[in-house]
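Trainee: Here you go, one structure.
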Amino acid sequence: MSDITRREFIRRSLILSAGASLIISCEDNENIPSNPISSSPGMLSSNGNAKKIIVIGAGMSGLVAAYELVRVGHDVTILEARDRIGGRVLTIRSPFSNNHFAEGGAARIKPSHNLTLGYANHFNLNLDPFYATSGDYVNMSNGNREIISNNTYLNTSYGSILRNEYLKIRGGSDLLPHSFYNSSALNNKIYLGVPVTSIHQQNNNVTVQTSNGNQFIADRVLCTVPITVLNKIQFTPPLSPEKQTAMNGGYRYAPSTRVYMQFQNRFWENESLNGWGNSDIPEEIWQPTWDLAGSTGIIMSYLRWTAAQEMDALSEEERINYILSRWENIFPGAASSLQSGMSQSWAEEEWSKGAWASPTGSQDAALANHIGLAEDRIHFAGEHASDDHGWMQGALFSGLRAAAEINEGN
């Protein structure tokens with residue numbers, strides 16, 4: 001950010017608690033907005049210098065940056081390679097029945113994630129407890145099945161946060177990116193299914209070429225493409241040596257795979273279980289339908305690192321059979337109650353090639369400070385360009401940081 005230190009930006013962004021909404025301004029003044037409907041956590045101040053901006057990627061960082069830039073008068077176009085918005089915020093609704101759904105990507109929200117909570121509030125989205133507040137949890141370790149009371153489980157920590165403090169967006173995480181998408185600010189400004197192939201900087205502008213042969217010329221470009229797939233774009237002149245190292249395999253991403261089972265009935269409730277727990281694969285076990293009506297229910301296996309890589313080596317059918325076989329010892333009756341199954345692997349996603357940035361210590365020390373640095377007219381954002389890897393908060397923070405850079409630049 002040109003004239004704002006990182007510390008100062010963080011100070012200005014720490015403005016929200018649940019139910020409260022203030023302005024982040026790139027001026028020194030902060031005030032309570034007279035119209036909270038139109039204010040937002042990342043609101044910029046207009047400087048009267050409207051720019052033409054191309055945002056590459058319609059994930060959380062690209063959407064929030066575009067949203068705030070448009071609201072202060074900039075001309076913004078978003079180009080997205082996928083046929084959907086949201087990036088790694090993906091709520092899976094099909095093929096599940098009874099209007100049930102499960103998260104393919106971002107799901108949990110920490111109580112300290114002021115930007116995520118703030119934009120949910122801004123768009124009038126409701127928040128609920130993430131973990132099941134009734135029923136017992138189960139843990140399977142070394143063949144031993146342990147039942148854990150609801151109160152005990154919720155009052156232990158995941159990371160540094162008690163489980164009972166985590167939140168989720170009621171109705172699915174994808175309601176947040178879709179709130180940006182459906183806003184009047186971004187109406188007709190997002191093009192889907194148009195991968196960018198090259199970015200050419202000149203003295204006075206930037207030319208962006210897409211795979212369908214279209215060209216876009218802008219004053220500034222914001223690139224939110226994950227580092228793992230950044231080498232799909234040809235940059236002229238080339239990016240910095242540090243970014244080239246990162247994009248050519250020198251910046252690790254975490255593999256993560258989730259396997260989902262829809263069951264004909266919630267048979268686990270016969271044991272007063274809630275369908276949640278842990279096993280020593282290791283895996284987290286979630287039941288995303290715990291607070292949804294309907295006779296069917298979904299239980300999912302959340303796998304990371306080696307467990308995810310081992311799952312990725314299997315076919316879809318093999319993944320389902322493997323998890324189902326293990327679950328028969330965790331939730332007896334699972335096999336006979338199965339209705340359907342599916343899986344989601346982020347390492348196999350063409351436009352992600354990984355679930356979130358997770359650099360090694362040496363990679364972090366050598367490259368992290370370079371990942372989000374602007375290079376002339378090209379700016380960079382994404383959870384990989386933040387300190388909150390793997391969270392919507394990190395994507396939102398970096399998007400707003402880049403938006404402020406662009407807004408304040410000449």
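Residue numbers start at 1 in each chain; chains themselves are named A, B, ... in the order of the structure tokens; ligands are numbered from 1 in the order shown.
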For the interface of region 139-248 of chain A with region 279-292 of chain A (cut-off 8 Å, counting only C-alpha atoms), please tabulate each contacting residue of region 139-248 of chain A alongside its nearest pair of atoms and their separation in Å to one decimal, rows sorted by chain and increasing number, as JSON lines.
Mentor:
```
{"residue": "A:Asn139", "atom": "CA", "partner": "A:Ser279", "partner_atom": "CA", "distance": 5.6}
{"residue": "A:Met140", "atom": "CA", "partner": "A:Ser279", "partner_atom": "CA", "distance": 4.6}
{"residue": "A:Ser141", "atom": "CA", "partner": "A:Asp280", "partner_atom": "CA", "distance": 5.2}
{"residue": "A:Asn142", "atom": "CA", "partner": "A:Asp280", "partner_atom": "CA", "distance": 7.2}
```
Trainee: Go ahead and save the residues from that selection, with N, CA and C atoms, as a short mmCIF file (atom, residue, chain, number, x, y, z; two decimals), in the first residue's frame.
Mentor:
```cif
data_model
loop_
_atom_site.label_atom_id
_atom_site.label_comp_id
_atom_site.auth_asym_id
_atom_site.auth_seq_id
_atom_site.Cartn_x
_atom_site.Cartn_y
_atom_site.Cartn_z
N ASN A 139 -15.06 -39.82 18.52
CA ASN A 139 -13.66 -39.85 18.13
C ASN A 139 -13.21 -41.29 17.97
N MET A 140 -12.56 -41.58 16.83
CA MET A 140 -12.05 -42.93 16.57
C MET A 140 -10.53 -42.86 16.47
N SER A 141 -9.84 -43.52 17.39
CA SER A 141 -8.38 -43.51 17.39
C SER A 141 -7.86 -44.87 17.78
N ASN A 142 -6.96 -45.42 16.93
CA ASN A 142 -6.38 -46.74 17.17
C ASN A 142 -7.44 -47.82 17.39
#
```
Trainee: Among region 119-367 of chain A, which ones does DSSP assign to strand (DSSP E or B) (computed from the backbone)? Answer as JSON, numbers by chain.
Mentor: {"A": [127, 128, 129, 136, 137, 138, 139, 140, 141, 144, 145, 146, 147, 148, 157, 158, 161, 162, 167, 168, 169, 190, 191, 192, 196, 197, 198, 199, 200, 201, 206, 207, 208, 209, 210, 215, 216, 217, 218, 220, 221, 222, 223, 234, 235, 236, 253, 254, 256, 257, 258, 259, 260, 261, 262, 263, 273, 274, 275, 276, 277, 278, 279, 283, 284, 285, 286, 297, 298, 299, 300, 301, 302, 303, 304, 338, 339, 340, 341, 342, 343, 344, 345, 356, 357]}
Trainee: What does the file look like for those residues with C-alpha atoms, as a PDB file, in the first residue's frame?
Mentor:
```pdb
ATOM      1  CA  LEU A 127     -24.755 -16.192  11.073  1.00  0.00           C
ATOM      2  CA  ASP A 128     -25.119 -19.447  12.991  1.00  0.00           C
ATOM      3  CA  PRO A 129     -22.890 -21.610  15.189  1.00  0.00           C
ATOM      4  CA  ASP A 136     -22.671 -36.091  21.151  1.00  0.00           C
ATOM      5  CA  TYR A 137     -19.469 -36.144  19.139  1.00  0.00           C
ATOM      6  CA  VAL A 138     -17.393 -39.225  18.360  1.00  0.00           C
ATOM      7  CA  ASN A 139     -13.658 -39.848  18.128  1.00  0.00           C
ATOM      8  CA  MET A 140     -12.053 -42.927  16.570  1.00  0.00           C
ATOM      9  CA  SER A 141      -8.380 -43.505  17.394  1.00  0.00           C
ATOM     10  CA  ASN A 144     -11.120 -47.236  19.881  1.00  0.00           C
ATOM     11  CA  ARG A 145     -14.431 -45.429  19.569  1.00  0.00           C
ATOM     12  CA  GLU A 146     -14.965 -42.690  22.131  1.00  0.00           C
ATOM     13  CA  ILE A 147     -18.162 -40.712  22.639  1.00  0.00           C
ATOM     14  CA  ILE A 148     -17.551 -37.087  23.664  1.00  0.00           C
ATOM     15  CA  SER A 157     -10.066 -25.647  20.948  1.00  0.00           C
ATOM     16  CA  TYR A 158      -9.628 -25.988  17.216  1.00  0.00           C
ATOM     17  CA  ILE A 161     -10.316 -20.794  19.202  1.00  0.00           C
ATOM     18  CA  LEU A 162     -12.892 -22.704  21.194  1.00  0.00           C
ATOM     19  CA  LEU A 167     -19.572 -19.261  13.084  1.00  0.00           C
ATOM     20  CA  LYS A 168     -20.937 -19.967   9.615  1.00  0.00           C
ATOM     21  CA  ILE A 169     -23.133 -18.163   7.114  1.00  0.00           C
ATOM     22  CA  ILE A 190     -18.207 -10.038 -14.487  1.00  0.00           C
ATOM     23  CA  TYR A 191     -17.287 -12.283 -17.411  1.00  0.00           C
ATOM     24  CA  LEU A 192     -17.205 -16.025 -16.674  1.00  0.00           C
ATOM     25  CA  VAL A 196      -6.534 -14.740 -19.097  1.00  0.00           C
ATOM     26  CA  THR A 197      -3.552 -15.824 -21.190  1.00  0.00           C
ATOM     27  CA  SER A 198      -1.307 -12.755 -21.183  1.00  0.00           C
ATOM     28  CA  ILE A 199      -0.771  -9.401 -19.497  1.00  0.00           C
ATOM     29  CA  HIS A 200       1.378  -6.813 -21.258  1.00  0.00           C
ATOM     30  CA  GLN A 201       2.414  -3.647 -19.445  1.00  0.00           C
ATOM     31  CA  VAL A 206      -1.943  -2.609 -19.499  1.00  0.00           C
ATOM     32  CA  THR A 207      -3.285  -4.971 -22.159  1.00  0.00           C
ATOM     33  CA  VAL A 208      -4.976  -8.173 -21.011  1.00  0.00           C
ATOM     34  CA  GLN A 209      -5.565 -10.987 -23.510  1.00  0.00           C
ATOM     35  CA  THR A 210      -8.067 -13.803 -22.898  1.00  0.00           C
ATOM     36  CA  GLN A 215      -8.385  -7.840 -25.486  1.00  0.00           C
ATOM     37  CA  PHE A 216      -8.977  -5.480 -22.595  1.00  0.00           C
ATOM     38  CA  ILE A 217      -6.979  -2.311 -22.016  1.00  0.00           C
ATOM     39  CA  ALA A 218      -6.834  -0.807 -18.545  1.00  0.00           C
ATOM     40  CA  ARG A 220      -4.431  -0.956 -13.706  1.00  0.00           C
ATOM     41  CA  VAL A 221      -4.800  -4.721 -13.326  1.00  0.00           C
ATOM     42  CA  LEU A 222      -5.519  -6.615 -10.126  1.00  0.00           C
ATOM     43  CA  CYS A 223      -4.430 -10.255 -10.371  1.00  0.00           C
ATOM     44  CA  GLN A 234       2.386 -14.790 -19.749  1.00  0.00           C
ATOM     45  CA  PHE A 235       3.585 -11.505 -18.270  1.00  0.00           C
ATOM     46  CA  THR A 236       5.431  -8.900 -20.326  1.00  0.00           C
ATOM     47  CA  TYR A 253      -0.151 -25.129  -1.274  1.00  0.00           C
ATOM     48  CA  ALA A 254      -2.027 -27.527   0.980  1.00  0.00           C
ATOM     49  CA  SER A 256      -7.362 -30.942   0.716  1.00  0.00           C
ATOM     50  CA  THR A 257     -10.106 -33.368  -0.283  1.00  0.00           C
ATOM     51  CA  ARG A 258     -13.604 -33.818   1.092  1.00  0.00           C
ATOM     52  CA  VAL A 259     -15.824 -36.856   0.667  1.00  0.00           C
ATOM     53  CA  TYR A 260     -19.581 -36.479   1.131  1.00  0.00           C
ATOM     54  CA  MET A 261     -22.168 -39.157   1.924  1.00  0.00           C
ATOM     55  CA  GLN A 262     -25.894 -38.547   1.789  1.00  0.00           C
ATOM     56  CA  PHE A 263     -27.822 -41.008   3.929  1.00  0.00           C
ATOM     57  CA  LEU A 273     -24.840 -38.683  18.095  1.00  0.00           C
ATOM     58  CA  ASN A 274     -24.821 -35.543  15.963  1.00  0.00           C
ATOM     59  CA  GLY A 275     -22.769 -36.970  13.094  1.00  0.00           C
ATOM     60  CA  TRP A 276     -19.635 -34.963  13.953  1.00  0.00           C
ATOM     61  CA  GLY A 277     -16.241 -36.026  15.205  1.00  0.00           C
ATOM     62  CA  ASN A 278     -12.677 -36.956  14.356  1.00  0.00           C
ATOM     63  CA  SER A 279     -10.681 -39.993  13.342  1.00  0.00           C
ATOM     64  CA  GLU A 283      -9.884 -36.496   9.430  1.00  0.00           C
ATOM     65  CA  GLU A 284     -12.496 -34.090  10.629  1.00  0.00           C
ATOM     66  CA  ILE A 285     -16.033 -35.404  10.324  1.00  0.00           C
ATOM     67  CA  TRP A 286     -18.802 -32.848   9.811  1.00  0.00           C
ATOM     68  CA  GLY A 297     -28.583 -36.186   6.201  1.00  0.00           C
ATOM     69  CA  ILE A 298     -25.070 -35.543   4.899  1.00  0.00           C
ATOM     70  CA  ILE A 299     -21.865 -36.519   6.670  1.00  0.00           C
ATOM     71  CA  MET A 300     -18.541 -35.448   5.175  1.00  0.00           C
ATOM     72  CA  SER A 301     -14.918 -36.416   5.619  1.00  0.00           C
ATOM     73  CA  TYR A 302     -12.486 -33.490   5.596  1.00  0.00           C
ATOM     74  CA  LEU A 303      -8.963 -34.635   4.725  1.00  0.00           C
ATOM     75  CA  ARG A 304      -5.737 -32.672   4.361  1.00  0.00           C
ATOM     76  CA  LEU A 338     -26.070 -44.749   2.101  1.00  0.00           C
ATOM     77  CA  GLN A 339     -28.024 -42.966  -0.604  1.00  0.00           C
ATOM     78  CA  SER A 340     -25.235 -41.339  -2.654  1.00  0.00           C
ATOM     79  CA  GLY A 341     -21.689 -40.066  -2.405  1.00  0.00           C
ATOM     80  CA  MET A 342     -19.309 -37.619  -4.066  1.00  0.00           C
ATOM     81  CA  SER A 343     -15.975 -35.894  -3.435  1.00  0.00           C
ATOM     82  CA  GLN A 344     -14.189 -32.589  -3.949  1.00  0.00           C
ATOM     83  CA  SER A 345     -10.412 -32.382  -4.435  1.00  0.00           C
ATOM     84  CA  TRP A 356      -4.745 -22.756   0.293  1.00  0.00           C
ATOM     85  CA  ALA A 357      -1.242 -21.314   0.408  1.00  0.00           C
TER      86      ALA A 357
END
```
Trainee: What lies within 12 Å of Glu328 (chain A) using only C-alpha atoms, ignoring chain neighbours under 4 positions off, as a compact mmCIF listing (two decimals) with C-alpha atoms, in the first residue's frame?
Mentor:
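Saved result, around_30.txt, follows:
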```
# COMPACT_ATOMS: atom_id res chain seq x y z
CA MET A 140 -12.05 -42.93 16.57
CA GLY A 143 -9.60 -48.67 16.73
CA ARG A 145 -14.43 -45.43 19.57
CA PHE A 267 -29.50 -43.22 11.84
CA TRP A 268 -26.70 -41.88 14.05
CA ASN A 321 -16.01 -47.02 -0.48
CA TYR A 322 -12.86 -46.36 1.57
CA ILE A 323 -14.45 -43.72 3.79
CA LEU A 324 -17.70 -45.66 4.08
CA PRO A 332 -22.57 -48.39 12.59
CA GLY A 333 -25.20 -48.78 9.88
CA ALA A 334 -23.60 -46.29 7.49
CA ALA A 335 -23.23 -48.75 4.61
CA SER A 336 -26.84 -49.89 4.66
CA SER A 337 -28.15 -46.33 4.88
CA LEU A 338 -26.07 -44.75 2.10
```
Trainee: Write out as a list in words the residues lying within 8 Å of region 364-375 of chain A, counting only C-alpha atoms and excluding same-chain residues fewer than 2 positions away.
Mentor: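 Close residues of region 364-375 of chain A: Leu239, Ser240, Glu242, Lys243, Ala246, Tyr251, Pro359, Thr360, Gly361, Ser362, Arg377, Ile378, His379, Phe380, Ala381, His384, Ala385, Ser386 and Ser398 of chain A.
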Trainee: Can you write just those residues out, C-alpha atoms, as a CSV table (one decimal), in the first residue's frame?
Mentor:
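Output file again03.csv is given in full below:
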```csv
chain,number,residue,atom,x,y,z
A,239,LEU,CA,7.3,-10.6,-13.1
A,240,SER,CA,9.9,-10.3,-10.3
A,242,GLU,CA,10.6,-13.9,-6.4
A,243,LYS,CA,7.1,-14.2,-8.0
A,246,ALA,CA,6.8,-18.9,-6.3
A,251,TYR,CA,5.4,-21.7,-2.9
A,359,PRO,CA,4.5,-22.1,2.4
A,360,THR,CA,7.3,-23.8,4.2
A,361,GLY,CA,9.3,-21.8,6.7
A,362,SER,CA,12.1,-21.1,4.1
A,377,ARG,CA,0.5,-1.2,-13.0
A,378,ILE,CA,-0.2,-4.8,-11.9
A,379,HIS,CA,-1.4,-5.4,-8.3
A,380,PHE,CA,-1.8,-8.7,-6.5
A,381,ALA,CA,-4.3,-10.1,-4.0
A,384,HIS,CA,-1.9,-16.3,-0.6
A,385,ALA,CA,-1.0,-12.6,-0.4
A,386,SER,CA,-2.2,-12.3,3.3
A,398,SER,CA,-5.7,-8.6,0.7
```
Trainee: Identify, on the basis of only C-alpha atoms, every residue whose closest approach to Phe180 (chain A) does not exceed 10 Å; exclude the query and any residue fewer than 2 positions from it along the same chain; express the result as a list in words.
Mentor: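 Listing them by chain and then by number gives Ala58, Met60, Leu63, Val64, Ala66, Tyr67, Glu68, Ile85, Gly86, Tyr119, Phe123, Leu175, Leu176, Pro177, His178, Asn182, Ser183, Ser184, Ala185, Leu186 and Asn187 of chain A.
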Trainee: Do you know which residues are at most 7 Å from Ala403 (chain A) counting only C-alpha atoms, after dropping those on the same chain fewer than 3 positions away, and could you put them as a PyMOL selection string?
Mentor: chain A and resi 65+69+399-400+406-407
Trainee: Quick one: write out the picked residues with C-alpha atoms as an mmCIF file, in the first residue's frame?
Mentor:
```cif
data_model
loop_
_atom_site.group_PDB
_atom_site.id
_atom_site.type_symbol
_atom_site.label_atom_id
_atom_site.label_comp_id
_atom_site.auth_asym_id
_atom_site.auth_seq_id
_atom_site.Cartn_x
_atom_site.Cartn_y
_atom_site.Cartn_z
ATOM 1 C CA ALA A 65 -11.798 -5.163 -4.440
ATOM 2 C CA LEU A 69 -13.503 0.314 -6.390
ATOM 3 C CA GLY A 399 -8.406 -7.540 -1.786
ATOM 4 C CA LEU A 400 -9.038 -4.378 0.213
ATOM 5 C CA ILE A 406 -5.176 1.185 -6.848
ATOM 6 C CA ASN A 407 -7.513 3.875 -5.570
#
```
Trainee: With DSSP run on the backbone, what are the helix (DSSP H, G or I) residues within region 60-161 of chain A? I'd like them as number ranges by chain.
Mentor: A: 60-71, 114-122, 150-154
Trainee: Would you put the residues from that selection into a file with C-alpha atoms, as a tab-separated table (two decimals), in the first residue's frame?
Mentor:
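Saved result, out_27.tsv, follows:
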```tsv
chain	number	residue	atom	x	y	z
A	60	MET	CA	-13.41	-13.28	-2.59
A	61	SER	CA	-10.42	-10.95	-3.00
A	62	GLY	CA	-11.33	-9.98	-6.56
A	63	LEU	CA	-14.99	-9.46	-5.73
A	64	VAL	CA	-14.41	-7.28	-2.67
A	65	ALA	CA	-11.80	-5.16	-4.44
A	66	ALA	CA	-14.02	-4.66	-7.48
A	67	TYR	CA	-17.02	-3.88	-5.31
A	68	GLU	CA	-15.28	-1.14	-3.36
A	69	LEU	CA	-13.50	0.31	-6.39
A	70	VAL	CA	-16.75	0.61	-8.34
A	71	ARG	CA	-18.42	2.30	-5.39
A	114	ASN	CA	-13.98	-8.74	11.33
A	115	LEU	CA	-14.05	-8.36	7.55
A	116	THR	CA	-15.87	-11.64	6.94
A	117	LEU	CA	-18.38	-10.87	9.68
A	118	GLY	CA	-18.62	-7.28	8.53
A	119	TYR	CA	-19.48	-8.07	4.93
A	120	ALA	CA	-21.97	-10.71	6.04
A	121	ASN	CA	-23.59	-7.98	8.11
A	122	HIS	CA	-23.33	-5.50	5.24
A	150	ASN	CA	-21.45	-31.91	23.32
A	151	ASN	CA	-20.33	-29.55	26.06
A	152	THR	CA	-16.87	-31.09	26.33
A	153	TYR	CA	-16.23	-31.03	22.58
A	154	LEU	CA	-17.44	-27.48	22.05
```
Trainee: Report as a ChimeraX atom specification all protein, DNA and RNA residues lying within 6 Å of Gln393 (chain A), evaluated on only C-alpha atoms, omitting residues in the same chain fewer than 3 positions from it.
Mentor: /A:113,116,396-397
Trainee: Output the selection as a compact mmCIF listing (two decimals), in the first residue's frame - N, CA and C atoms for each residue.
Mentor:
```txt
# COMPACT_ATOMS: atom_id res chain seq x y z
N HIS A 113 -12.60 -12.55 12.84
CA HIS A 113 -12.55 -12.23 11.41
C HIS A 113 -13.53 -11.11 11.07
N THR A 116 -14.89 -10.63 7.34
CA THR A 116 -15.87 -11.64 6.94
C THR A 116 -17.21 -11.38 7.63
N LEU A 396 -10.31 -11.36 1.77
CA LEU A 396 -10.95 -10.05 1.86
C LEU A 396 -9.92 -8.98 2.23
N PHE A 397 -9.07 -9.27 3.20
CA PHE A 397 -8.06 -8.30 3.61
C PHE A 397 -7.15 -7.91 2.46
```
Trainee: Rounded to one decimal place, report the CA of Thr245 (chain A)-CA of Lys353 (chain A) distance in Å.
Mentor: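 Computing the Euclidean distance for CA of Thr245 (chain A) and CA of Lys353 (chain A) yields 16.4 Å.
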